[in-house]
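Here's target38.csv, which has CSV, C-alpha atoms and all ligand atoms:
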```csv
chain,number,residue,atom,x,y,z
A,297,MET,CA,-0.5,0.5,-78.0
A,298,ASP,CA,1.9,2.2,-80.3
A,299,HIS,CA,4.9,0.0,-80.4
A,300,ARG,CA,6.2,0.9,-83.8
A,301,GLY,CA,9.9,1.7,-84.3
A,302,ARG,CA,11.2,0.6,-80.9
A,303,THR,CA,14.7,0.8,-79.9
A,304,GLY,CA,16.9,-2.0,-78.6
A,305,GLY,CA,18.4,-4.9,-80.3
A,306,CYS,CA,19.5,-8.5,-80.2
A,307,ARG,CA,22.4,-9.6,-82.2
A,308,THR,CA,21.0,-13.0,-82.5
A,309,THR,CA,18.2,-12.0,-84.8
A,310,ARG,CA,19.1,-10.0,-87.8
A,311,ARG,CA,17.0,-11.9,-90.3
A,312,PRO,CA,14.1,-9.9,-91.8
A,313,PRO,CA,10.7,-11.1,-90.7
A,314,ARG,CA,8.2,-12.6,-93.0
A,315,PRO,CA,4.9,-10.7,-93.8
A,316,ALA,CA,2.2,-10.7,-91.2
A,317,ARG,CA,-1.0,-12.7,-91.4
A,318,ALA,CA,0.6,-15.6,-93.1
A,319,PRO,CA,-0.9,-19.1,-92.8
A,320,THR,CA,-1.3,-20.4,-89.3
A,321,VAL,CA,1.4,-23.0,-89.5
A,322,LEU,CA,4.6,-21.3,-88.9
A,323,LEU,CA,5.8,-18.6,-91.2
A,324,LEU,CA,9.3,-19.5,-90.7
A,325,ALA,CA,9.8,-22.7,-88.8
A,326,LEU,CA,13.1,-23.9,-89.9
A,327,LEU,CA,15.1,-26.6,-88.4
A,328,ALA,CA,18.7,-25.6,-88.9
A,329,LEU,CA,22.1,-26.5,-87.6
A,330,ALA,CA,23.1,-23.6,-85.5
A,331,ALA,CA,26.6,-23.5,-86.9
A,332,GLY,CA,25.1,-22.8,-90.3
A,333,THR,CA,22.5,-20.2,-89.5
A,334,ALA,CA,23.4,-18.4,-86.3
A,335,CYS,CA,24.7,-14.9,-86.8
A,336,ARG,CA,28.1,-13.9,-85.6
A,337,ARG,CA,26.9,-12.8,-82.2
A,338,ASP,CA,25.1,-15.9,-81.2
A,339,ALA,CA,28.1,-17.4,-79.6
A,340,GLY,CA,26.1,-18.9,-76.7
A,341,THR,CA,24.6,-21.4,-79.1
A,342,PRO,CA,26.2,-24.8,-78.7
A,343,ALA,CA,28.1,-25.6,-81.9
A,344,ARG,CA,25.9,-28.4,-83.1
A,345,ALA,CA,22.7,-28.1,-81.2
A,346,PRO,CA,19.7,-28.1,-83.5
A,347,LYS,CA,18.0,-24.8,-83.5
A,348,LEU,CA,14.4,-24.0,-84.4
A,349,GLU,CA,13.5,-20.5,-85.4
A,350,ALA,CA,10.3,-18.6,-86.3
A,351,GLY,CA,9.6,-15.1,-87.3
A,352,PHE,CA,6.5,-13.1,-87.9
A,353,LEU,CA,5.1,-9.6,-87.6
A,354,ALA,CA,2.5,-8.7,-84.9
A,355,MET,CA,0.7,-5.7,-83.5
A,356,GLY,CA,0.9,-3.4,-86.4
A,357,GLY,CA,4.4,-4.5,-87.6
A,358,ILE,CA,6.6,-5.4,-84.7
A,359,PRO,CA,9.0,-8.1,-85.8
A,360,ILE,CA,8.9,-11.1,-83.5
A,361,HIS,CA,11.5,-13.8,-83.4
A,362,VAL,CA,11.3,-17.1,-81.5
A,363,ARG,CA,14.0,-19.6,-81.0
A,364,ALA,CA,14.4,-22.9,-79.3
A,365,TRP,CA,17.3,-25.4,-79.1
A,366,ASP,CA,17.3,-29.2,-78.9
A,367,ALA,CA,13.5,-29.1,-79.4
A,368,ASP,CA,10.8,-31.1,-81.1
A,369,PRO,CA,9.8,-29.1,-84.2
A,370,VAL,CA,6.1,-30.0,-83.9
A,371,ALA,CA,5.9,-28.8,-80.2
A,372,PHE,CA,7.9,-25.7,-81.2
A,373,ALA,CA,5.5,-24.8,-84.1
A,374,ALA,CA,2.5,-25.3,-81.9
A,375,ALA,CA,4.0,-23.1,-79.2
A,376,VAL,CA,4.8,-20.3,-81.6
A,377,ASP,CA,1.4,-20.6,-83.2
A,378,GLY,CA,-0.2,-20.3,-79.8
A,379,PHE,CA,1.9,-17.3,-79.1
A,380,ARG,CA,0.9,-15.6,-82.3
A,381,VAL,CA,-2.8,-16.0,-81.5
A,382,GLU,CA,-2.2,-14.9,-77.9
A,383,LEU,CA,-0.6,-11.6,-79.2
A,384,GLU,CA,-3.6,-11.0,-81.3
A,385,ARG,CA,-5.8,-11.3,-78.2
A,386,GLN,CA,-3.5,-9.1,-76.2
A,387,GLU,CA,-3.6,-6.4,-78.9
A,388,SER,CA,-7.4,-6.5,-78.9
A,389,ILE,CA,-7.3,-5.9,-75.1
A,390,LEU,CA,-4.4,-3.5,-74.7
A,391,SER,CA,-4.2,-1.3,-77.9
A,392,VAL,CA,-5.1,2.3,-77.2
A,393,HIS,CA,-5.5,2.7,-81.0
A,394,ARG,CA,-8.4,0.2,-81.3
A,395,ALA,CA,-11.8,1.5,-80.5
A,396,GLY,CA,-13.1,-1.7,-79.0
A,397,SER,CA,-10.1,-2.7,-76.9
A,398,THR,CA,-10.5,-3.1,-73.2
A,399,LEU,CA,-8.1,-0.2,-72.6
A,400,SER,CA,-9.9,2.1,-75.1
A,401,ARG,CA,-13.2,1.3,-73.4
A,402,LEU,CA,-11.6,1.9,-70.0
A,403,ASN,CA,-10.2,5.2,-71.1
A,404,GLY,CA,-13.5,6.3,-72.5
A,405,ALA,CA,-15.7,5.0,-69.6
A,406,GLY,CA,-16.0,8.4,-67.9
A,407,GLY,CA,-15.2,6.9,-64.5
A,408,ALA,CA,-17.4,3.8,-64.8
A,409,ALA,CA,-16.0,0.4,-63.8
A,410,VAL,CA,-15.0,-1.8,-66.8
A,411,PRO,CA,-14.5,-5.6,-66.5
A,412,VAL,CA,-11.0,-6.8,-67.3
A,413,ALA,CA,-9.5,-10.3,-67.8
A,414,PRO,CA,-7.4,-11.8,-65.0
A,415,ASP,CA,-4.1,-11.5,-67.0
A,416,THR,CA,-4.8,-7.9,-67.8
A,417,LEU,CA,-5.5,-7.2,-64.1
A,418,ALA,CA,-2.2,-9.0,-63.3
A,419,LEU,CA,-0.3,-6.8,-65.8
A,420,LEU,CA,-1.9,-3.6,-64.3
A,421,GLU,CA,-0.9,-4.7,-60.8
A,422,LEU,CA,2.6,-5.3,-62.0
A,423,ALA,CA,2.6,-1.8,-63.6
A,424,ALA,CA,1.3,-0.3,-60.4
A,425,GLU,CA,4.1,-2.0,-58.4
A,426,CYS,CA,6.8,-0.7,-60.9
A,427,ALA,CA,5.2,2.8,-60.6
A,428,ALA,CA,5.5,2.7,-56.8
A,429,GLU,CA,9.0,1.2,-56.8
A,430,THR,CA,10.3,3.9,-59.2
A,431,GLY,CA,8.6,6.8,-57.3
A,432,GLY,CA,6.3,7.4,-60.2
A,433,ALA,CA,9.1,7.7,-62.9
A,434,PHE,CA,7.3,4.8,-64.6
A,435,ASP,CA,3.7,5.8,-64.7
A,436,PRO,CA,1.2,4.3,-67.2
A,437,THR,CA,-1.2,7.2,-66.6
A,438,VAL,CA,1.1,9.6,-68.4
A,439,GLY,CA,-1.2,9.6,-71.5
A,440,PRO,CA,-2.5,13.2,-71.2
A,441,LEU,CA,1.1,14.5,-71.1
A,442,LEU,CA,1.9,12.4,-74.1
A,443,ALA,CA,-1.1,14.0,-75.8
A,444,ALA,CA,0.2,17.5,-75.0
A,445,TRP,CA,3.6,16.8,-76.5
A,446,LYS,CA,2.0,15.1,-79.6
A,447,GLU,CA,0.0,18.2,-80.0
A,448,ALA,CA,3.1,20.3,-79.7
A,449,ALA,CA,4.8,18.2,-82.4
A,450,ARG,CA,1.9,19.0,-84.7
A,451,SER,CA,1.7,22.8,-83.9
A,452,GLY,CA,5.5,23.3,-83.6
A,453,VAL,CA,5.0,25.1,-80.3
A,454,GLU,CA,5.9,23.6,-76.9
A,455,PRO,CA,3.0,23.2,-74.5
A,456,THR,CA,2.5,26.1,-72.1
A,457,ALA,CA,3.1,25.6,-68.3
A,458,GLU,CA,-0.6,25.8,-67.8
A,459,ARG,CA,-1.2,23.0,-70.4
A,460,ILE,CA,1.4,20.8,-68.7
A,461,ALA,CA,0.0,21.5,-65.3
A,462,ALA,CA,-3.5,20.6,-66.4
A,463,ALA,CA,-2.3,17.3,-67.9
A,464,ARG,CA,-0.3,16.5,-64.8
A,465,ALA,CA,-3.3,16.9,-62.6
A,466,SER,CA,-4.8,13.7,-64.1
A,467,VAL,CA,-1.5,11.7,-63.9
A,468,GLY,CA,-0.9,9.2,-61.1
A,469,MET,CA,-1.6,5.6,-60.3
A,470,GLN,CA,-3.7,6.6,-57.2
A,471,ARG,CA,-6.4,7.6,-59.8
A,472,VAL,CA,-6.6,4.0,-61.0
A,473,HIS,CA,-8.9,1.7,-59.0
A,474,ALA,CA,-8.8,-2.0,-59.5
A,475,ASP,CA,-11.2,-4.5,-58.0
A,476,ASP,CA,-9.9,-8.0,-58.3
A,477,ASP,CA,-12.5,-10.7,-57.7
A,478,GLY,CA,-9.7,-13.3,-57.4
A,479,ARG,CA,-11.2,-15.7,-60.0
A,480,SER,CA,-12.5,-14.4,-63.3
A,481,GLY,CA,-10.6,-11.1,-63.3
A,482,GLY,CA,-12.3,-8.0,-61.9
A,483,THR,CA,-13.0,-4.4,-62.8
A,484,VAL,CA,-11.0,-1.3,-63.2
A,485,ARG,CA,-12.1,2.3,-62.9
A,486,LEU,CA,-10.2,5.5,-63.8
A,487,GLU,CA,-10.9,8.8,-62.2
A,488,PRO,CA,-11.7,11.1,-65.3
A,489,PRO,CA,-9.9,12.4,-67.2
A,490,THR,CA,-7.1,9.9,-66.3
A,491,THR,CA,-6.2,7.4,-69.1
A,492,LEU,CA,-4.0,4.3,-69.2
A,493,ASP,CA,-1.2,3.5,-71.7
A,494,LEU,CA,0.7,0.4,-71.1
A,495,GLY,CA,3.2,1.0,-73.9
A,496,GLY,CA,6.1,1.2,-71.5
A,497,ILE,CA,5.7,-2.3,-70.1
A,498,ALA,CA,3.6,-4.3,-72.6
A,499,LYS,CA,6.3,-5.4,-75.0
A,500,GLY,CA,8.4,-6.9,-72.3
A,501,TRP,CA,5.4,-8.7,-70.9
A,502,PHE,CA,4.5,-10.1,-74.4
A,503,ALA,CA,8.0,-11.6,-74.6
A,504,ASP,CA,7.3,-13.3,-71.2
A,505,LEU,CA,4.1,-14.7,-72.6
A,506,GLY,CA,6.1,-16.2,-75.5
A,507,LEU,CA,8.6,-17.8,-73.2
A,508,ALA,CA,5.8,-19.2,-71.1
A,509,ARG,CA,4.5,-21.0,-74.2
A,510,LEU,CA,7.9,-22.4,-75.0
A,511,ARG,CA,8.4,-23.7,-71.5
A,512,ALA,CA,4.9,-25.1,-71.3
A,513,ALA,CA,5.7,-27.1,-74.5
A,514,GLY,CA,8.6,-28.7,-72.7
A,515,LEU,CA,11.3,-26.8,-74.6
A,516,ARG,CA,14.4,-26.4,-72.4
A,517,ARG,CA,16.2,-23.5,-74.0
A,518,GLY,CA,14.2,-20.7,-75.6
A,519,LEU,CA,14.4,-17.1,-76.7
A,520,VAL,CA,11.7,-14.6,-77.7
A,521,GLU,CA,12.6,-11.2,-79.2
A,522,LEU,CA,10.0,-8.5,-79.8
A,523,GLY,CA,11.2,-5.6,-81.8
A,524,GLY,CA,14.5,-5.5,-79.8
A,525,ASP,CA,13.3,-6.5,-76.4
A,526,LEU,CA,14.4,-10.0,-75.5
A,527,SER,CA,13.5,-12.7,-72.9
A,528,ALA,CA,15.3,-16.0,-72.7
A,529,TYR,CA,15.8,-19.1,-70.5
A,530,ASP,CA,18.0,-22.1,-70.5
A,531,ASP,CA,16.7,-24.9,-68.3
A,532,ARG,CA,19.2,-27.5,-69.5
A,533,PRO,CA,21.6,-29.1,-67.0
A,534,GLN,CA,24.5,-27.2,-68.5
A,535,PRO,CA,23.1,-23.9,-69.6
A,536,GLU,CA,25.0,-21.5,-71.9
A,537,PRO,CA,24.8,-17.8,-72.0
A,538,PHE,CA,22.9,-15.8,-74.6
A,539,ARG,CA,24.7,-12.9,-76.2
A,540,VAL,CA,22.6,-9.8,-76.8
A,541,GLY,CA,23.6,-6.8,-78.8
A,542,VAL,CA,23.4,-3.4,-77.1
A,543,ARG,CA,22.4,-1.0,-79.7
A,544,ASP,CA,24.2,2.2,-80.5
A,545,PRO,CA,21.8,5.2,-80.2
A,546,SER,CA,23.9,7.2,-82.6
A,547,ARG,CA,23.8,4.5,-85.3
A,548,THR,CA,20.5,2.7,-85.6
A,549,ASP,CA,22.2,-0.2,-87.4
A,550,GLY,CA,25.2,-0.3,-85.0
A,551,PHE,CA,26.0,-1.8,-81.6
A,552,LEU,CA,27.9,-0.6,-78.7
A,553,GLY,CA,28.8,-4.0,-77.4
A,554,THR,CA,27.5,-7.3,-76.3
A,555,LEU,CA,25.9,-8.4,-73.1
A,556,ALA,CA,26.1,-12.1,-72.1
A,557,ILE,CA,23.1,-13.2,-70.0
A,558,ASP,CA,22.2,-16.6,-68.6
A,559,GLY,CA,18.5,-15.9,-68.8
A,560,GLY,CA,15.9,-13.3,-67.9
A,561,SER,CA,15.2,-10.3,-70.1
A,562,VAL,CA,17.0,-7.4,-71.7
A,563,VAL,CA,15.1,-4.4,-72.8
A,564,THR,CA,16.3,-1.1,-74.3
A,565,SER,CA,14.6,2.3,-74.0
A,566,GLY,CA,16.1,5.1,-76.0
A,567,ASP,CA,15.7,8.6,-77.3
A,568,TYR,CA,16.2,7.6,-80.9
A,569,GLU,CA,13.8,6.5,-83.6
A,570,ARG,CA,10.7,7.8,-81.8
A,571,GLY,CA,9.9,11.1,-80.2
A,572,TYR,CA,8.6,14.5,-81.0
A,573,ASP,CA,10.1,17.2,-83.1
A,574,VAL,CA,8.9,20.6,-81.8
A,575,GLY,CA,10.2,23.8,-83.3
A,576,GLY,CA,13.4,22.1,-84.7
A,577,ARG,CA,14.2,20.3,-81.4
A,578,HIS,CA,13.9,16.6,-80.9
A,579,PHE,CA,12.2,15.4,-77.7
A,580,ASN,CA,12.0,11.9,-76.1
A,581,HIS,CA,8.8,9.9,-76.4
A,582,ILE,CA,9.3,9.1,-72.7
A,583,ILE,CA,7.8,11.7,-70.5
A,584,ASP,CA,8.9,12.6,-67.0
A,585,PRO,CA,5.6,12.5,-65.1
A,586,ARG,CA,7.1,14.8,-62.4
A,587,SER,CA,8.0,17.7,-64.7
A,588,GLY,CA,5.6,16.9,-67.5
A,589,ARG,CA,8.5,17.3,-69.9
A,590,PRO,CA,10.2,14.7,-72.1
A,591,ALA,CA,13.0,12.8,-70.4
A,592,SER,CA,16.5,14.1,-71.2
A,593,GLY,CA,20.1,13.3,-70.3
A,594,LEU,CA,20.2,9.6,-71.0
A,595,ARG,CA,20.4,8.6,-74.7
A,596,ALA,CA,19.5,5.0,-74.0
A,597,VAL,CA,19.2,2.4,-71.2
A,598,THR,CA,19.6,-1.3,-71.8
A,599,LEU,CA,18.3,-3.0,-68.7
A,600,GLN,CA,18.4,-6.6,-67.5
A,601,ALA,CA,15.9,-8.1,-65.1
A,602,PRO,CA,14.3,-11.5,-64.4
A,603,THR,CA,11.2,-10.8,-66.5
A,604,GLY,CA,10.5,-8.8,-69.7
A,605,ALA,CA,7.7,-6.8,-68.1
A,606,ARG,CA,9.9,-5.7,-65.2
A,607,ALA,CA,12.8,-5.0,-67.5
A,608,ASP,CA,10.6,-2.9,-69.8
A,609,ALA,CA,9.0,-0.8,-67.1
A,610,LEU,CA,12.4,-0.2,-65.3
A,611,ALA,CA,14.2,0.7,-68.5
A,612,THR,CA,11.5,3.4,-69.1
A,613,ALA,CA,11.8,4.5,-65.5
A,614,VAL,CA,15.6,4.8,-65.6
A,615,MET,CA,15.3,6.9,-68.8
A,616,VAL,CA,13.1,9.2,-66.8
A,617,LEU,CA,15.3,9.2,-63.7
A,618,GLY,CA,18.4,10.1,-65.6
A,619,GLU,CA,22.0,9.2,-64.9
A,620,ARG,CA,22.4,10.2,-61.2
A,621,ASP,CA,19.0,9.1,-59.9
A,622,GLY,CA,18.8,6.1,-62.3
A,623,TRP,CA,22.2,4.9,-61.1
A,624,ALA,CA,21.1,5.2,-57.5
A,625,PHE,CA,17.9,3.4,-58.2
A,626,LEU,CA,19.8,0.5,-59.9
A,627,ALA,CA,22.2,0.3,-56.9
A,628,ARG,CA,19.3,-0.4,-54.6
A,629,THR,CA,17.5,-2.8,-57.0
A,630,PRO,CA,19.5,-6.0,-56.8
A,631,ASP,CA,17.6,-7.9,-59.6
A,632,ALA,CA,18.2,-5.2,-62.2
A,633,GLY,CA,21.4,-4.2,-64.0
A,634,ALA,CA,21.9,-1.8,-66.9
A,635,VAL,CA,24.1,-0.3,-69.5
A,636,LEU,CA,23.5,3.4,-69.5
A,637,VAL,CA,24.3,5.5,-72.6
A,638,VAL,CA,24.9,9.0,-71.3
A,639,GLY,CA,24.9,12.0,-73.7
A,640,ASP,CA,28.2,13.7,-72.7
A,641,PRO,CA,29.9,16.3,-74.9
A,642,ALA,CA,33.3,15.5,-73.4
A,643,ALA,CA,33.1,11.8,-74.3
A,644,PRO,CA,34.1,10.3,-77.7
A,645,ASP,CA,31.3,10.9,-80.2
A,646,GLY,CA,29.3,12.5,-77.3
A,647,LEU,CA,28.5,9.2,-75.7
A,648,ARG,CA,29.6,7.8,-72.4
A,649,ILE,CA,28.8,4.2,-71.5
A,650,ARG,CA,28.2,3.4,-67.8
A,651,VAL,CA,27.7,-0.2,-66.8
A,652,THR,CA,26.4,-1.3,-63.4
A,653,PRO,CA,28.9,-3.5,-61.4
A,654,ASP,CA,26.8,-6.7,-61.8
A,655,LEU,CA,27.0,-6.5,-65.6
A,656,ARG,CA,30.6,-5.2,-66.0
A,657,GLU,CA,32.0,-8.7,-66.5
A,658,ARG,CA,29.2,-9.5,-68.9
A,659,PHE,CA,29.4,-6.5,-71.1
A,660,GLU,CA,32.0,-6.6,-73.9
A,661,PRO,CA,32.2,-3.2,-75.7
A,662,ASP,CA,32.9,-3.1,-79.4
A,663,ALA,CA,36.5,-2.2,-80.1
A,664,ALA,CA,35.5,1.2,-81.5
A,665,ARG,CA,33.5,2.0,-78.3
A,666,ARG,CA,36.1,0.9,-75.7
A,667,ALA,CA,37.2,4.5,-75.1
A,668,SER,CA,33.6,5.5,-74.3
A,669,LEU,CA,33.4,3.2,-71.3
A,670,ASP,CA,33.1,5.1,-68.0
A,671,PRO,CA,35.9,3.7,-65.7
A,672,SER,CA,34.3,5.1,-62.5
A,673,PRO,CA,33.0,2.5,-60.0
B,1,LIG,P1,9.5,2.3,-73.7
B,1,LIG,O1,9.9,2.4,-75.2
B,1,LIG,O2,9.3,1.0,-73.2
B,1,LIG,O3,10.4,3.1,-72.9
B,1,LIG,O4,8.0,2.9,-73.6
B,1,LIG,C1,7.7,4.2,-74.1
B,1,LIG,C2,6.3,4.3,-74.2
B,1,LIG,O5,5.7,4.2,-72.9
B,1,LIG,C3,5.8,5.6,-74.8
B,1,LIG,O6,5.7,5.5,-76.2
B,1,LIG,C4,4.5,5.9,-74.1
B,1,LIG,O7,3.5,5.2,-74.6
B,1,LIG,C5,4.8,5.3,-72.7
B,1,LIG,N1,5.4,6.2,-71.7
B,1,LIG,C6,6.0,7.4,-71.9
B,1,LIG,N2,6.5,7.9,-70.8
B,1,LIG,C7,6.2,7.0,-69.8
B,1,LIG,C8,6.4,6.9,-68.4
B,1,LIG,N3,7.1,7.9,-67.8
B,1,LIG,N4,5.9,5.9,-67.7
B,1,LIG,C9,5.3,4.9,-68.4
B,1,LIG,N5,5.1,4.9,-69.7
B,1,LIG,C10,5.5,5.9,-70.4
B,2,MG,MG,9.6,0.3,-71.3
```
Would you kindly transcribe this structure into structure tokens?
Amino acid sequence: MDHRGRTGGCRTTRRPPRPARAPTVLLLALLALAAGTACRRDAGTPARAPKLEAGFLAMGGIPIHVRAWDADPVAFAAAVDGFRVELERQESILSVHRAGSTLSRLNGAGGAAVPVAPDTLALLELAAECAAETGGAFDPTVGPLLAAWKEAARSGVEPTAERIAAARASVGMQRVHADDDGRSGGTVRLEPPTTLDLGGIAKGWFADLGLARLRAAGLRRGLVELGGDLSAYDDRPQPEPFRVGVRDPSRTDGFLGTLAIDGGSVVTSGDYERGYDVGGRHFNHIIDPRSGRPASGLRAVTLQAPTGARADALATAVMVLGERDGWAFLARTPDAGAVLVVGDPAAPDGLRIRVTPDLRERFEPDAARRASLDPSP
């Protein structure tokens, strides 16, 4: 999957990552006193709790940061190392840019059933659930439409209505057939010319895999950040919140504010950094499967949900749904909350920030962005 240049951000991890493919034992496994090393936003960290940190690059350059508190350094290093190896395995399964990956084989199978591992099947089932729940706004079969817009970026001409209609005909999760044998995985078959691209859910899911490793190693407070998407937990008797930066879509190095979360995941989808330039216009890399056109209206969505996979998929979906339908979707989805950044010419700097009621107390806008907060209920 193409994960390069993702949006989103966590204020707790501004340190540049070390080079990829470094020796197995941790690239950066430093035991530090939090007071000395935490960045200004990491206020949830207990003042003197020993913190362990690791950073590396994976999957073609995504910076990964892992943190744990009050933890045994040996157990931490082993958990992070296991996570790094796991990510390599996942890339070899899910990358649509690697010829031999499971997904590439599936996409090129011409309708034949392809064996898939149990965890890949579970991810696909989760993706299908998110697709159903969002009325198809999140849809991992959107690949042919992505291809049409990539082609447009190359030629400088928008796809014709016929081209879009032809691509749309192969989009829809009803064209994906999974056969779960309940033990060793199962098989998946795609109705040609349908293809699968899990780029809208995989990174959040990878963060969950990292957390699972930390928990399995007995670490009681942990955090995994993958290129801006973050999953965290605190199982200690007196947990403390994590403070996560919400990135400013108009300034790639800036933040709109801070979200305090007790655990779970925070994922950002946005229209910046990635996308298509066609004939001088910039288009979103997220495609609305219903119209076949790039999503528009929302500049960014920072979404909180219990798991990274769910947060990732729903953030992509809300970008597609736009302000009105995305807001309505969030209102009927009790385990998800979000900070919506709406492109609004009447708002300061053209940005209006709308926060769902469940996160209002938890979102602290930066002083310069206070005037951008939408006061409506
Ligand atoms: P994200 O950055 O998580 O919002 O994911 C964006 C990526 O998901 C894109 O680069 C595509 O690979 C894929 N994608 C684009 N549009 C959709 C969509 N409507 N549903 C699911 N995946 C999508
Ligand atoms: Mg996503």
**Prompt:** Which distance in Å separates atom P1 of ligand LIG 1 (chain B) and atom CA of A:Ala448, to one decimal?
**Reply:**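 According to the coordinates, atom P1 of ligand LIG 1 (chain B) and atom CA of A:Ala448 are separated by 20.0 Å.
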Contact check, chain A to ligand LIG 1 (chain B), at most 7 Å, counting only C-alpha atoms and all ligand atoms, closest pairs as JSON lines:
```
{"residue": "A:Asp298", "atom": "CA", "partner": "B:LIG1", "partner_atom": "O6", "distance": 6.5}
{"residue": "A:His299", "atom": "CA", "partner": "B:LIG1", "partner_atom": "O6", "distance": 7.0}
{"residue": "A:Arg302", "atom": "CA", "partner": "B:LIG1", "partner_atom": "O1", "distance": 6.1}
{"residue": "A:Thr303", "atom": "CA", "partner": "B:LIG1", "partner_atom": "O1", "distance": 6.9}
{"residue": "A:Ala433", "atom": "CA", "partner": "B:LIG1", "partner_atom": "N3", "distance": 5.3}
{"residue": "A:Phe434", "atom": "CA", "partner": "B:LIG1", "partner_atom": "N4", "distance": 3.6}
{"residue": "A:Asp435", "atom": "CA", "partner": "B:LIG1", "partner_atom": "N4", "distance": 3.7}
{"residue": "A:Pro436", "atom": "CA", "partner": "B:LIG1", "partner_atom": "C9", "distance": 4.3}
{"residue": "A:Val438", "atom": "CA", "partner": "B:LIG1", "partner_atom": "C7", "distance": 5.9}
{"residue": "A:Leu442", "atom": "CA", "partner": "B:LIG1", "partner_atom": "C6", "distance": 6.8}
{"residue": "A:Asp493", "atom": "CA", "partner": "B:LIG1", "partner_atom": "O7", "distance": 5.8}
{"residue": "A:Leu494", "atom": "CA", "partner": "B:LIG1", "partner_atom": "N5", "distance": 6.4}
{"residue": "A:Gly495", "atom": "CA", "partner": "B:LIG1", "partner_atom": "O5", "distance": 4.2}
{"residue": "A:Gly496", "atom": "CA", "partner": "B:LIG1", "partner_atom": "O4", "distance": 3.3}
{"residue": "A:Ile497", "atom": "CA", "partner": "B:LIG1", "partner_atom": "O2", "distance": 5.8}
{"residue": "A:Ser565", "atom": "CA", "partner": "B:LIG1", "partner_atom": "O3", "distance": 4.4}
{"residue": "A:Gly566", "atom": "CA", "partner": "B:LIG1", "partner_atom": "O3", "distance": 6.8}
{"residue": "A:His581", "atom": "CA", "partner": "B:LIG1", "partner_atom": "O6", "distance": 5.4}
{"residue": "A:Ile582", "atom": "CA", "partner": "B:LIG1", "partner_atom": "N2", "distance": 3.6}
{"residue": "A:Ile583", "atom": "CA", "partner": "B:LIG1", "partner_atom": "N2", "distance": 4.0}
{"residue": "A:Asp584", "atom": "CA", "partner": "B:LIG1", "partner_atom": "N3", "distance": 5.1}
{"residue": "A:Pro585", "atom": "CA", "partner": "B:LIG1", "partner_atom": "N3", "distance": 5.5}
{"residue": "A:Asp608", "atom": "CA", "partner": "B:LIG1", "partner_atom": "O2", "distance": 5.3}
{"residue": "A:Ala609", "atom": "CA", "partner": "B:LIG1", "partner_atom": "O2", "distance": 6.4}
{"residue": "A:Ala611", "atom": "CA", "partner": "B:LIG1", "partner_atom": "O3", "distance": 6.3}
{"residue": "A:Thr612", "atom": "CA", "partner": "B:LIG1", "partner_atom": "O3", "distance": 4.0}
{"residue": "A:Ala613", "atom": "CA", "partner": "B:LIG1", "partner_atom": "N3", "distance": 6.2}
{"residue": "A:Val616", "atom": "CA", "partner": "B:LIG1", "partner_atom": "N3", "distance": 6.2}
```
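Remark: for ligand MG 2 (chain B), the closest of the candidate residues A:Thr554, A:Thr564, A:Gln534, A:Asn580 is A:Thr564 (distances computed over all atoms listed in the file).
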**Request:** Return the single residue from A:Ala444, A:Leu610, A:Met469, A:Leu552 that is closest to ligand MG 2 (chain B), with distances computed using all atoms listed in the file.
**Result:**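 Ranked by minimum distance to ligand MG 2 (chain B), first place goes to A:Leu610.
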**Request:** Rank nothing, just name the residue among A:Ala642, A:Ala371, A:Ala427, A:Val542 nearest to ligand MG 2 (chain B), using all atoms listed in the file.
**Result:** A:Ala427
**Request:** Tell me which of A:Val563, A:Leu492, A:Leu617, A:Ala512 sits closest to ligand MG 2 (chain B), counting only C-alpha atoms and all ligand atoms.
**Result:**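 Nearest candidate to ligand MG 2 (chain B) out of A:Val563, A:Leu492, A:Leu617, A:Ala512: A:Val563.
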**Request:** Between atom CA of A:Arg586 and atom CA of A:Trp445, measure the distance and give it in Å to one decimal.
**Result:** 14.7 Å
**Proximity to A:Arg532 - best of A:Asp558, A:Asp368, A:Glu429, A:Glu619, all atoms listed in the file** =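 Ranked by minimum distance to A:Arg532, first place goes to A:Asp558.
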Applying 12 Å and all atoms listed in the file, which residues near A:Leu505 remain after dropping the ones on its own chain fewer than 2 positions away? List them as a CSV table (one decimal) with C-alpha atoms, in the coordinates of the input.
```csv
chain,number,residue,atom,x,y,z
A,362,VAL,CA,11.3,-17.1,-81.5
A,375,ALA,CA,4.0,-23.1,-79.2
A,376,VAL,CA,4.8,-20.3,-81.6
A,378,GLY,CA,-0.2,-20.3,-79.8
A,379,PHE,CA,1.9,-17.3,-79.1
A,380,ARG,CA,0.9,-15.6,-82.3
A,381,VAL,CA,-2.8,-16.0,-81.5
A,382,GLU,CA,-2.2,-14.9,-77.9
A,383,LEU,CA,-0.6,-11.6,-79.2
A,385,ARG,CA,-5.8,-11.3,-78.2
A,386,GLN,CA,-3.5,-9.1,-76.2
A,415,ASP,CA,-4.1,-11.5,-67.0
A,419,LEU,CA,-0.3,-6.8,-65.8
A,498,ALA,CA,3.6,-4.3,-72.6
A,499,LYS,CA,6.3,-5.4,-75.0
A,500,GLY,CA,8.4,-6.9,-72.3
A,501,TRP,CA,5.4,-8.7,-70.9
A,502,PHE,CA,4.5,-10.1,-74.4
A,503,ALA,CA,8.0,-11.6,-74.6
A,507,LEU,CA,8.6,-17.8,-73.2
A,508,ALA,CA,5.8,-19.2,-71.1
A,509,ARG,CA,4.5,-21.0,-74.2
A,510,LEU,CA,7.9,-22.4,-75.0
A,511,ARG,CA,8.4,-23.7,-71.5
A,512,ALA,CA,4.9,-25.1,-71.3
A,519,LEU,CA,14.4,-17.1,-76.7
A,520,VAL,CA,11.7,-14.6,-77.7
A,521,GLU,CA,12.6,-11.2,-79.2
A,522,LEU,CA,10.0,-8.5,-79.8
A,526,LEU,CA,14.4,-10.0,-75.5
A,527,SER,CA,13.5,-12.7,-72.9
A,528,ALA,CA,15.3,-16.0,-72.7
A,603,THR,CA,11.2,-10.8,-66.5
A,604,GLY,CA,10.5,-8.8,-69.7
A,605,ALA,CA,7.7,-6.8,-68.1
```
